[in-house]
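One file, model-v3.cif, is given below (mmCIF, C-alpha atoms).
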```
data_upload
#
loop_
_atom_site.label_atom_id
_atom_site.label_comp_id
_atom_site.auth_asym_id
_atom_site.auth_seq_id
_atom_site.Cartn_x
_atom_site.Cartn_y
_atom_site.Cartn_z
CA MET A 1 57.90 22.31 -64.45
CA GLN A 2 55.89 19.76 -66.39
CA GLU A 3 55.80 16.30 -64.81
CA SER A 4 57.51 13.69 -67.00
CA ASP A 5 55.49 11.00 -68.74
CA GLU A 6 57.41 8.37 -66.79
CA ALA A 7 56.44 9.96 -63.48
CA LEU A 8 52.81 10.10 -64.63
CA ILE A 9 52.88 6.42 -65.52
CA GLY A 10 54.21 5.66 -62.03
CA ARG A 11 51.26 7.54 -60.53
CA VAL A 12 48.81 5.82 -62.88
CA ALA A 13 50.18 2.45 -61.75
CA ALA A 14 49.30 3.49 -58.20
CA GLY A 15 45.71 4.18 -59.30
CA ASP A 16 45.97 7.98 -59.61
CA LYS A 17 43.14 9.00 -61.94
CA LEU A 18 44.30 12.60 -62.22
CA ALA A 19 47.66 11.42 -63.58
CA MET A 20 45.73 9.33 -66.09
CA GLN A 21 43.79 12.41 -67.19
CA VAL A 22 47.02 14.38 -67.70
CA LEU A 23 48.60 11.53 -69.65
CA PHE A 24 45.50 11.18 -71.80
CA ALA A 25 45.34 14.93 -72.49
CA ARG A 26 49.00 14.92 -73.44
CA HIS A 27 48.95 12.02 -75.89
CA HIS A 28 45.49 11.10 -77.06
CA VAL A 29 45.37 13.32 -80.15
CA ARG A 30 48.64 12.02 -81.59
CA VAL A 31 47.75 8.41 -80.82
CA TYR A 32 44.35 8.96 -82.43
CA ARG A 33 45.90 10.42 -85.58
CA PHE A 34 48.38 7.56 -85.82
CA VAL A 35 45.58 5.01 -85.52
CA LEU A 36 43.27 6.91 -87.87
CA ARG A 37 45.95 6.92 -90.58
CA LEU A 38 46.13 3.14 -90.26
CA VAL A 39 42.44 2.22 -90.01
CA ARG A 40 40.97 5.18 -91.97
CA ASP A 41 37.78 5.14 -89.94
CA GLN A 42 37.05 7.72 -87.24
CA THR A 43 34.70 5.55 -85.20
CA VAL A 44 37.09 2.60 -85.24
CA ALA A 45 40.01 4.91 -84.37
CA GLU A 46 38.11 6.36 -81.41
CA ASP A 47 37.24 2.88 -80.14
CA LEU A 48 40.87 1.86 -80.47
CA ILE A 49 42.32 4.78 -78.54
CA ASN A 50 39.79 4.07 -75.83
CA GLU A 51 41.21 0.53 -75.68
CA VAL A 52 44.80 1.80 -75.75
CA PHE A 53 44.35 4.09 -72.76
CA LEU A 54 42.31 1.53 -70.87
CA ASP A 55 45.25 -0.85 -71.31
CA VAL A 56 47.55 1.86 -69.99
CA TRP A 57 45.35 2.24 -66.91
CA ARG A 58 45.34 -1.51 -66.34
CA GLN A 59 48.96 -2.22 -67.17
CA ALA A 60 50.87 0.91 -66.16
CA ASN A 61 52.83 -1.18 -63.66
CA ARG A 62 54.27 -3.18 -66.57
CA PHE A 63 55.88 -0.13 -68.15
CA GLU A 64 59.63 -0.65 -67.78
CA ALA A 65 60.86 2.78 -68.94
CA ARG A 66 63.21 1.22 -71.49
CA SER A 67 61.51 3.41 -74.07
CA ALA A 68 59.62 6.70 -74.08
CA VAL A 69 56.00 6.54 -72.94
CA SER A 70 54.87 7.89 -76.33
CA THR A 71 56.72 5.03 -78.05
CA TRP A 72 55.02 2.51 -75.76
CA LEU A 73 51.62 4.08 -76.51
CA LEU A 74 52.18 3.99 -80.26
CA ALA A 75 53.31 0.35 -80.10
CA ILE A 76 50.11 -0.61 -78.23
CA ALA A 77 48.03 1.47 -80.65
CA ARG A 78 49.66 -0.11 -83.69
CA PHE A 79 49.04 -3.61 -82.36
CA LYS A 80 45.37 -2.82 -81.76
CA ALA A 81 44.97 -1.12 -85.15
CA LEU A 82 46.43 -4.10 -87.00
CA SER A 83 44.21 -6.49 -85.05
CA ALA A 84 41.18 -4.36 -85.98
CA LEU A 85 42.22 -4.36 -89.64
CA ARG A 86 42.51 -8.14 -89.58
CA ARG A 87 38.95 -8.37 -88.24
CA ARG A 88 37.56 -6.27 -91.11
CA PRO A 89 35.72 -8.08 -93.89
CA ASP A 90 37.92 -8.80 -96.92
CA GLU A 91 35.75 -6.81 -99.33
CA GLU A 92 36.20 -3.69 -97.21
CA LEU A 93 39.97 -4.13 -97.33
CA ASP A 94 39.88 -4.66 -101.08
CA GLU A 95 37.98 -1.43 -101.58
CA GLU A 96 40.46 0.42 -99.45
CA ALA A 97 43.43 -1.11 -101.24
CA ALA A 98 41.91 -0.14 -104.56
CA ALA A 99 41.48 3.42 -103.36
CA ALA A 100 45.08 3.50 -102.15
CA VAL A 101 46.62 2.32 -105.40
CA GLU A 102 44.46 4.50 -107.61
CA ASP A 103 46.69 6.50 -109.91
CA PRO A 104 46.53 10.10 -108.75
CA GLY A 105 47.26 11.12 -112.33
CA ASP A 106 43.80 9.94 -113.31
CA ASP A 107 42.15 12.27 -110.83
CA PRO A 108 40.88 15.38 -112.65
CA ASP A 109 40.95 17.35 -109.41
CA LEU A 110 44.60 16.57 -108.97
CA ALA A 111 45.36 17.60 -112.52
CA VAL A 112 43.99 21.03 -111.70
CA GLN A 113 46.14 21.16 -108.58
CA LYS A 114 49.36 20.09 -110.25
CA LYS A 115 50.81 23.52 -109.72
CA ASP A 116 50.15 23.27 -106.06
CA LYS A 117 53.04 21.01 -105.21
CA SER A 118 52.32 20.85 -101.49
CA GLU A 119 48.75 19.75 -102.06
CA ALA A 120 49.91 17.13 -104.56
CA LEU A 121 52.47 15.92 -102.08
CA ARG A 122 49.78 15.48 -99.43
CA ARG A 123 47.54 13.61 -101.85
CA CYS A 124 50.40 11.29 -102.73
CA LEU A 125 51.22 10.74 -99.07
CA GLU A 126 47.61 9.59 -98.64
CA ALA A 127 48.00 7.20 -101.56
CA LEU A 128 51.01 5.38 -100.10
CA SER A 129 50.63 1.81 -98.84
CA PRO A 130 49.83 1.50 -95.10
CA GLU A 131 53.37 0.17 -94.53
CA HIS A 132 55.01 3.24 -96.09
CA ARG A 133 52.44 5.66 -94.67
CA GLU A 134 53.09 4.35 -91.20
CA ILE A 135 56.85 4.72 -91.30
CA ILE A 136 56.74 8.21 -92.83
CA ASP A 137 54.26 9.34 -90.16
CA LEU A 138 56.36 7.89 -87.36
CA VAL A 139 59.54 9.62 -88.57
CA TYR A 140 58.18 12.99 -89.70
CA TYR A 141 55.12 13.58 -87.54
CA HIS A 142 55.71 11.53 -84.41
CA GLU A 143 59.43 12.39 -84.42
CA LYS A 144 60.57 8.87 -83.66
CA SER A 145 64.22 7.86 -83.96
CA VAL A 146 65.38 4.86 -85.97
CA GLU A 147 65.53 2.80 -82.76
CA GLU A 148 62.06 3.87 -81.65
CA VAL A 149 60.47 3.11 -85.02
CA ALA A 150 62.14 -0.31 -84.91
CA GLU A 151 60.58 -0.89 -81.50
CA ILE A 152 57.09 0.28 -82.50
CA VAL A 153 56.95 -1.59 -85.81
CA GLY A 154 58.93 -4.60 -84.58
CA ILE A 155 61.55 -4.66 -87.33
CA PRO A 156 65.37 -4.31 -87.33
CA GLU A 157 66.85 -0.80 -87.46
CA ASN A 158 68.36 -1.34 -90.91
CA THR A 159 64.94 -2.38 -92.20
CA VAL A 160 63.53 0.84 -90.79
CA LYS A 161 66.01 2.87 -92.87
CA THR A 162 65.38 0.78 -95.99
CA ARG A 163 61.60 0.96 -95.61
CA MET A 164 61.76 4.73 -95.17
CA PHE A 165 63.92 5.02 -98.27
CA TYR A 166 61.50 2.94 -100.37
CA GLY A 167 58.51 4.81 -98.95
CA ARG A 168 60.05 8.10 -100.08
CA LYS A 169 60.95 6.58 -103.44
CA ARG A 170 57.35 5.46 -103.93
CA LEU A 171 56.20 8.95 -103.03
CA SER A 172 58.40 10.40 -105.77
CA GLU A 173 56.99 7.88 -108.24
CA LEU A 174 53.41 8.87 -107.34
CA LEU A 175 54.31 12.55 -107.74
CA LYS A 176 55.91 11.85 -111.08
CA ALA A 177 52.73 10.06 -112.19
CA ALA A 178 50.85 13.18 -111.11
CA GLY A 179 53.08 15.30 -113.31
CA ILE A 180 55.56 16.51 -110.69
CA ASP A 181 59.08 15.29 -111.31
CA ARG A 182 61.26 15.90 -108.29
CA GLY A 183 64.37 14.61 -110.05
CA TRP A 184 64.83 11.95 -107.40
CA PRO A 185 65.58 9.09 -107.32
CA MET B 1 87.06 -2.79 -100.12
CA THR B 2 88.37 0.32 -101.88
CA THR B 3 88.19 3.88 -100.60
CA THR B 4 85.63 4.67 -103.32
CA ASP B 5 83.43 1.80 -102.15
CA ASN B 6 83.67 3.06 -98.58
CA GLN B 7 82.75 6.58 -99.65
CA ALA B 8 79.75 5.27 -101.61
CA LEU B 9 78.56 3.27 -98.59
CA GLU B 10 79.01 6.27 -96.30
CA ARG B 11 77.04 8.48 -98.70
CA GLU B 12 74.27 5.88 -98.92
CA ASP B 13 74.12 5.73 -95.14
CA ILE B 14 73.99 9.52 -94.85
CA GLU B 15 71.26 9.64 -97.49
CA ALA B 16 69.19 7.18 -95.46
CA LEU B 17 69.58 9.35 -92.36
CA LEU B 18 68.29 12.57 -93.99
CA PRO B 19 64.66 12.14 -92.83
CA TRP B 20 65.74 11.77 -89.20
CA HIS B 21 68.09 14.71 -89.53
CA ALA B 22 65.21 16.86 -90.78
CA ALA B 23 63.04 15.68 -87.87
CA GLY B 24 65.85 16.37 -85.40
CA THR B 25 65.93 12.86 -83.98
CA LEU B 26 69.50 11.82 -84.78
CA SER B 27 72.19 11.37 -82.17
CA ARG B 28 74.68 14.24 -81.96
CA ARG B 29 77.34 12.11 -83.65
CA ASP B 30 75.12 11.14 -86.61
CA ALA B 31 73.80 14.69 -86.92
CA GLN B 32 77.40 15.93 -87.24
CA ARG B 33 78.13 13.31 -89.92
CA VAL B 34 75.11 14.49 -91.90
CA GLU B 35 75.99 18.16 -91.46
CA ILE B 36 79.52 17.59 -92.75
CA ALA B 37 78.24 15.63 -95.76
CA LEU B 38 75.63 18.29 -96.55
CA SER B 39 78.23 21.05 -96.46
CA CYS B 40 80.20 19.50 -99.32
CA ASP B 41 77.63 17.60 -101.41
CA ASP B 42 75.20 19.68 -103.50
CA GLU B 43 73.17 16.69 -104.65
CA LEU B 44 72.68 15.59 -101.03
CA THR B 45 71.63 19.15 -100.14
CA ARG B 46 69.03 19.09 -102.91
CA GLN B 47 67.73 15.79 -101.61
CA TYR B 48 67.58 17.23 -98.13
CA GLU B 49 65.29 19.98 -99.41
CA LEU B 50 62.94 17.30 -100.78
CA VAL B 51 62.98 15.61 -97.38
CA ARG B 52 62.04 18.91 -95.71
CA GLU B 53 59.12 19.30 -98.13
CA GLU B 54 57.92 15.80 -97.25
CA LEU B 55 58.27 16.58 -93.55
CA ALA B 56 56.15 19.75 -93.86
CA ALA B 57 53.50 17.97 -95.93
CA THR B 58 53.31 15.04 -93.49
CA ILE B 59 52.89 17.36 -90.49
CA HIS B 60 50.22 19.36 -92.35
CA LEU B 61 48.39 16.18 -93.35
CA ASN B 62 48.37 14.84 -89.79
CA GLU B 63 47.37 18.15 -88.25
CA THR B 64 44.30 18.29 -90.48
CA LEU B 65 43.08 14.93 -89.19
CA GLY B 66 41.39 16.60 -86.24
CA ALA B 67 40.93 15.14 -82.79
CA PRO B 68 38.73 12.44 -81.33
CA SER B 69 35.29 13.41 -80.03
CA ALA B 70 34.58 14.10 -76.37
CA ARG B 71 32.77 10.78 -76.06
CA VAL B 72 36.17 9.02 -76.00
CA VAL B 73 37.28 10.70 -72.80
CA GLU B 74 33.84 10.31 -71.22
CA ARG B 75 33.67 6.62 -72.04
CA LEU B 76 37.24 5.96 -70.97
CA PHE B 77 36.89 7.53 -67.55
CA ALA B 78 33.48 5.96 -67.01
CA GLN B 79 35.12 2.58 -67.62
CA ILE B 80 38.03 3.47 -65.34
CA ASP B 81 35.60 4.51 -62.57
CA ALA B 82 33.66 1.28 -62.99
CA GLU B 83 36.85 -0.80 -62.83
CA ALA B 84 38.13 1.05 -59.79
CA ALA B 85 34.81 0.49 -57.97
CA SER B 86 34.81 -3.16 -58.91
CA ALA B 87 38.44 -3.58 -57.77
CA ARG B 88 37.61 -2.02 -54.39
CA LYS B 89 34.72 -4.47 -54.00
CA ARG B 90 36.84 -7.45 -55.05
CA SER B 91 39.63 -6.61 -52.68
CA PHE B 92 37.40 -6.79 -49.57
CA ASN B 93 39.23 -9.14 -47.26
CA LEU B 94 37.88 -10.50 -43.97
CA ALA B 95 41.19 -10.18 -42.10
CA THR B 96 41.69 -6.63 -43.38
CA TRP B 97 38.13 -5.74 -42.46
CA ILE B 98 38.55 -7.08 -38.90
CA ALA B 99 41.88 -5.28 -38.56
CA GLY B 100 40.23 -2.10 -39.82
CA GLN B 101 37.36 -2.40 -37.37
CA LEU B 102 39.75 -3.04 -34.47
CA SER B 103 41.95 -0.12 -35.44
CA GLN B 104 38.94 2.17 -35.13
CA LEU B 105 38.37 1.19 -31.49
CA SER B 106 39.94 3.25 -28.74
CA PRO B 107 42.50 1.59 -26.41
CA ARG B 108 39.98 1.83 -23.54
CA THR B 109 37.27 0.06 -25.59
CA LEU B 110 39.78 -2.58 -26.63
CA ALA B 111 40.77 -3.15 -23.01
CA TRP B 112 37.10 -3.57 -21.97
CA SER B 113 36.49 -5.91 -24.90
CA ALA B 114 39.50 -8.03 -23.93
CA THR B 115 38.31 -8.19 -20.32
CA ALA B 116 34.82 -9.20 -21.41
CA ALA B 117 36.25 -11.88 -23.73
CA THR B 118 38.44 -13.23 -20.90
CA LEU B 119 35.45 -13.44 -18.59
CA ALA B 120 33.40 -15.22 -21.24
CA ILE B 121 36.17 -17.77 -21.79
CA ALA B 122 36.56 -18.31 -18.03
CA LEU B 123 32.80 -18.82 -17.71
CA GLN B 124 32.79 -21.33 -20.56
CA ALA B 125 35.73 -23.17 -18.96
CA GLY B 126 33.87 -23.30 -15.63
CA LEU B 127 30.74 -24.69 -17.27
CA LEU B 128 32.71 -27.32 -19.16
CA ALA B 129 34.59 -28.34 -16.02
CA GLY B 130 31.27 -28.61 -14.18
CA LEU B 131 29.81 -30.80 -16.88
CA TYR B 132 32.91 -32.99 -16.88
CA PHE B 133 32.82 -33.57 -13.16
CA ASN B 134 29.05 -34.10 -13.20
CA ASP B 135 29.51 -36.70 -15.92
CA ARG B 136 32.09 -38.51 -13.80
CA GLY B 137 29.99 -38.21 -10.66
CA GLY B 138 31.59 -35.07 -9.37
CA VAL B 139 34.66 -34.53 -7.28
CA GLY B 140 34.59 -37.23 -4.65
CA GLY B 141 30.95 -38.05 -5.46
CA ASP B 142 29.70 -41.49 -6.47
CA GLU B 143 26.82 -40.69 -8.74
CA LYS B 144 25.98 -38.41 -11.59
CA LYS B 145 23.79 -35.49 -10.60
CA TYR B 146 22.20 -35.01 -14.07
CA ASP B 147 22.63 -35.92 -17.73
CA THR B 148 22.08 -33.81 -20.76
CA ALA B 149 21.81 -34.91 -24.34
CA SER B 150 24.87 -32.93 -25.25
CA THR B 151 27.08 -34.40 -22.58
CA THR B 152 26.03 -38.01 -22.86
CA GLU B 153 26.55 -37.93 -26.60
CA GLN B 154 29.67 -36.76 -28.40
CA VAL B 155 30.50 -33.16 -27.50
CA VAL B 156 32.69 -32.59 -30.55
CA SER B 157 32.52 -35.14 -33.27
CA THR B 158 35.89 -36.44 -34.35
CA GLU B 159 34.28 -38.19 -37.28
CA GLY B 160 34.47 -36.59 -40.70
CA SER B 161 36.97 -35.69 -43.41
CA TYR B 162 39.01 -32.52 -43.32
CA VAL B 163 41.26 -30.36 -45.47
CA LEU B 164 43.61 -27.55 -44.59
CA ALA B 165 42.95 -24.47 -46.75
CA ASP B 166 44.25 -20.95 -47.30
CA PHE B 167 41.76 -18.49 -48.71
CA ALA B 168 42.87 -16.28 -51.61
CA PRO B 169 43.60 -12.74 -50.41
CA ASP B 170 41.13 -11.30 -52.92
CA ALA B 171 38.28 -13.66 -52.01
CA SER B 172 35.36 -11.80 -50.46
CA VAL B 173 33.45 -12.99 -47.41
CA ALA B 174 30.34 -13.39 -49.56
CA GLU B 175 32.21 -15.60 -52.03
CA ILE B 176 33.68 -17.76 -49.26
CA THR B 177 30.35 -18.12 -47.44
CA SER B 178 28.52 -18.95 -50.63
CA PHE B 179 31.11 -21.55 -51.61
CA LEU B 180 31.06 -23.23 -48.19
CA GLU B 181 27.26 -23.29 -48.05
CA SER B 182 26.81 -24.61 -51.55
CA HIS B 183 29.26 -27.47 -50.84
CA LYS B 184 28.05 -28.02 -47.26
CA PHE B 185 31.58 -27.47 -45.96
CA ALA B 186 32.27 -25.96 -42.55
CA VAL B 187 35.22 -24.14 -41.04
CA VAL B 188 36.02 -26.11 -37.87
CA ASP B 189 39.35 -24.61 -36.88
CA GLY B 190 41.74 -21.84 -37.68
CA PRO B 191 43.38 -19.75 -38.62
CA ARG B 192 46.45 -21.85 -37.89
CA ALA B 193 49.75 -20.04 -38.30
CA GLY B 194 47.62 -17.03 -39.14
CA ILE B 195 46.47 -18.29 -42.53
CA HIS B 196 45.41 -21.99 -42.54
CA TYR B 197 41.80 -22.97 -41.88
CA LYS B 198 40.57 -26.50 -41.23
CA LEU B 199 37.46 -27.29 -43.26
CA ARG B 200 35.16 -30.29 -42.73
CA VAL B 201 34.33 -31.46 -46.23
CA SER B 202 32.33 -34.55 -45.25
CA PRO B 203 30.55 -35.63 -42.03
CA THR B 204 31.94 -39.15 -42.52
CA GLY B 205 35.48 -40.46 -42.88
CA LEU B 206 36.29 -40.72 -46.58
CA PRO B 207 38.98 -42.92 -48.19
CA LYS B 208 42.23 -41.01 -48.63
CA ALA B 209 41.99 -41.07 -52.45
CA ASP B 210 38.54 -39.45 -52.30
CA LEU B 211 39.79 -36.79 -49.92
CA VAL B 212 42.75 -36.00 -52.21
CA ARG B 213 40.35 -35.69 -55.13
CA ILE B 214 38.09 -33.33 -53.19
CA ALA B 215 41.08 -31.21 -52.10
CA LYS B 216 42.21 -30.94 -55.72
CA ARG B 217 38.74 -29.97 -56.86
CA ILE B 218 38.59 -27.22 -54.24
CA GLN B 219 42.09 -26.04 -55.12
CA ASP B 220 41.03 -25.66 -58.74
CA ASP B 221 38.65 -22.94 -57.66
CA ASN B 222 41.53 -20.45 -57.63
CA LYS B 223 39.35 -17.45 -57.06
CA ILE B 224 38.60 -18.51 -53.52
CA PHE B 225 41.46 -20.79 -52.45
CA ARG B 226 45.19 -20.31 -52.62
CA PHE B 227 46.11 -23.69 -51.12
CA VAL B 228 44.22 -26.85 -50.16
CA ALA B 229 45.57 -30.14 -48.75
CA PRO B 230 43.98 -33.15 -46.99
CA THR B 231 44.48 -33.28 -43.24
CA GLU B 232 43.54 -35.46 -40.28
#
```
Structure rendered as structure tokens:
Amino acid sequence: MQESDEALIGRVAAGDKLAMQVLFARHHVRVYRFVLRLVRDQTVAEDLINEVFLDVWRQANRFEARSAVSTWLLAIARFKALSALRRRPDEELDEEAAAAVEDPGDDPDLAVQKKDKSEALRRCLEALSPEHREIIDLVYYHEKSVEEVAEIVGIPENTVKTRMFYGRKRLSELLKAAGIDRGWP
Amino acid sequence: MTTTDNQALEREDIEALLPWHAAGTLSRRDAQRVEIALSCDDELTRQYELVREELAATIHLNETLGAPSARVVERLFAQIDAEAASARKRSFNLATWIAGQLSQLSPRTLAWSATAATLAIALQAGLLAGLYFNDRGGVGGDEKKYDTASTTEQVVSTEGSYVLADFAPDASVAEITSFLESHKFAVVDGPRAGIHYKLRVSPTGLPKADLVRIAKRIQDDNKIFRFVAPTE
């Protein structure tokens, strides 16, 4: 039977490097993808997950098991990603923001792919704001409950539901602009 | 609030829960609420299909992001190894080291060591007693047989200023020695009660205020000292 994440954290707190390797192998790809979606830079994302797991090694004894280990990891990762984004030069952020708000309807490539709804959907998911992208990833890809998202993002549970709703609504608007009307909202 | 209002609120709530239902992360109770609503609301069912499309697209998008390079794991565990080695070095403790050395000795060796130490102490006591009686002219004698510089002068100086100190458990012998040498302090007694050491911080008697100030300055060096207080 697979050892639980909580048991691994207990062993890591006692300085067990093998437990750390298992924990890393189990979670590093998802944490990396979560961070990469926020910072949009592979090198920065790799540096950040290195920091996340180093923190886990140093602070495993502070884990209180009130939440899942994966939730704890994502919360640490999010904090580090946002700190890294704040350190970025403003012009870099402006360029990224401009790329994010670019109307997908203006993209000739996308026009060709209009019939491919799934591809269009993925392009529009990419074009969402970091705030909406983050919540959609946490719910759909990282399979986090309302309570867990609230803990990771640091917002009330009702705000989680509202933000998810508006994220999805914005997605429909982007699709509509790309010529795909989903009939909702 | 009317029944219609309640139904509208309930529907709104169910609608908000659809993404979590699709991801399978709702509680059993909420999942049942959603299932019941879906079974009798075509518009909600259509919306649920949209949610499932979004779910599939999000998973696909994330799965195509790849994985971090091998350098991450190499760097991480190199750092962990370095920290572990550094922590082992930092945690060297004189008392632990002595205990460790003693624990490696056999009972027979320990017994011989104790006997040798007892003999050494007895010899020292005999020499000191001899010096004392020589200094006072001997037992029943009227004159001193000989003088030495060490016995005519002070044997142990009572002059000086002292503090009582506990070393931090993590302080290494090298750190302690270096600190004492650089400040020209000396350990003159201890450990008292197993942890307190008496340090001479000045060869002359200092005013109490100066001694308090010195004790505070030493205490501020938290890496080496856990507790410092002036003493007689």
* chain A contacts to chain B at 8 Å (all atoms listed in the file) as a PyMOL selection string -> chain A and resi 29+32-33+42+46-47+49-50+53-54+57+118-119+121-122+125+136-137+139-141+143-146+161-162+164-165+182+184
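Note that atom CA of A:Leu8 and atom CA of A:Asp55 are 14.9 Å apart.
Taking atom CA of A:Val12 and atom CA of A:Leu36 as the two end points, the separation is 25.6 Å.
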* Which residues, written as a PyMOL selection string, have at least one atom at most 10 Å from A:Leu23, with only C-alpha atoms counted and residues fewer than 2 positions away on the same chain left out? -> chain A and resi 3-6+8-9+12+17-21+25-28+53+56+69-70
* B:Pro230: which residues within 10 Å, counting only C-alpha atoms, same-chain residues fewer than 5 positions away excluded, as a PyMOL selection string? -> chain B and resi 161-165+198-199+201+208-216
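Distance annotation: of A:Ala65, A:Val39, A:Ala60, A:Leu174, the residue with the minimal separation from A:Ala120 is A:Leu174; atom set is only C-alpha atoms.
Pairwise distance (atom CA of A:Val44, atom CA of A:Arg87) equals 11.5 Å.
On the file presented, the PyMOL selection byres ((chain B and resi 186) around 12) picks out B:Gly160, B:Ser161, B:Tyr162, B:Val163, B:Leu164, B:Ala165, B:Ile176, B:Thr177, B:Ser178, B:Phe179, B:Leu180, B:Glu181, B:Ser182, B:His183, B:Lys184, B:Phe185, B:Val187, B:Val188, B:Asp189, B:Gly190, B:Tyr197, B:Lys198, B:Leu199, B:Arg200, B:Val201, B:Ser202, B:Pro203.
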* Asked: Which residues match the PyMOL selection byres ((chain A and resi 129) around 10) in the file above, as a VMD selection string?
  -> chain A and resid 38 97 100 to 101 125 to 128 130 to 134 167 170 to 171
Please produce an output containing C-alpha atoms for each residue in the selection, written as a PDB file, in the frame of the given file.
```pdb
ATOM      1  CA  LEU A  38      46.130   3.140 -90.260  1.00  0.00           C
ATOM      2  CA  ALA A  97      43.430  -1.110-101.240  1.00  0.00           C
ATOM      3  CA  ALA A 100      45.080   3.500-102.150  1.00  0.00           C
ATOM      4  CA  VAL A 101      46.620   2.320-105.400  1.00  0.00           C
ATOM      5  CA  LEU A 125      51.220  10.740 -99.070  1.00  0.00           C
ATOM      6  CA  GLU A 126      47.610   9.590 -98.640  1.00  0.00           C
ATOM      7  CA  ALA A 127      48.000   7.200-101.560  1.00  0.00           C
ATOM      8  CA  LEU A 128      51.010   5.380-100.100  1.00  0.00           C
ATOM      9  CA  PRO A 130      49.830   1.500 -95.100  1.00  0.00           C
ATOM     10  CA  GLU A 131      53.370   0.170 -94.530  1.00  0.00           C
ATOM     11  CA  HIS A 132      55.010   3.240 -96.090  1.00  0.00           C
ATOM     12  CA  ARG A 133      52.440   5.660 -94.670  1.00  0.00           C
ATOM     13  CA  GLU A 134      53.090   4.350 -91.200  1.00  0.00           C
ATOM     14  CA  GLY A 167      58.510   4.810 -98.950  1.00  0.00           C
ATOM     15  CA  ARG A 170      57.350   5.460-103.930  1.00  0.00           C
ATOM     16  CA  LEU A 171      56.200   8.950-103.030  1.00  0.00           C
TER      17      LEU A 171
END
```
* Structure fact -> Using only C-alpha atoms, the residue out of A:Arg62, A:Arg40, A:His142, A:Arg11 with shortest distance to A:Leu74 is A:His142
Residues within 8 Å of A:Ile152, only C-alpha atoms, excluding chain neighbours under 6 positions, as an mmCIF file with C-alpha atoms, keeping the file's coordinate frame:
```cif
data_model
loop_
_atom_site.group_PDB
_atom_site.id
_atom_site.type_symbol
_atom_site.label_atom_id
_atom_site.label_comp_id
_atom_site.auth_asym_id
_atom_site.auth_seq_id
_atom_site.Cartn_x
_atom_site.Cartn_y
_atom_site.Cartn_z
ATOM 1 C CA THR A 71 56.720 5.030 -78.050
ATOM 2 C CA TRP A 72 55.020 2.510 -75.760
ATOM 3 C CA LEU A 74 52.180 3.990 -80.260
ATOM 4 C CA ALA A 75 53.310 0.350 -80.100
ATOM 5 C CA ARG A 78 49.660 -0.110 -83.690
#
```
* **Non-local contacts of A:Val160 (8 Å; only C-alpha atoms; under 2 positions in same chain excluded) as an NGL selection string** => :A and (135 or 146 or 149-150 or 155-158 or 162-164)
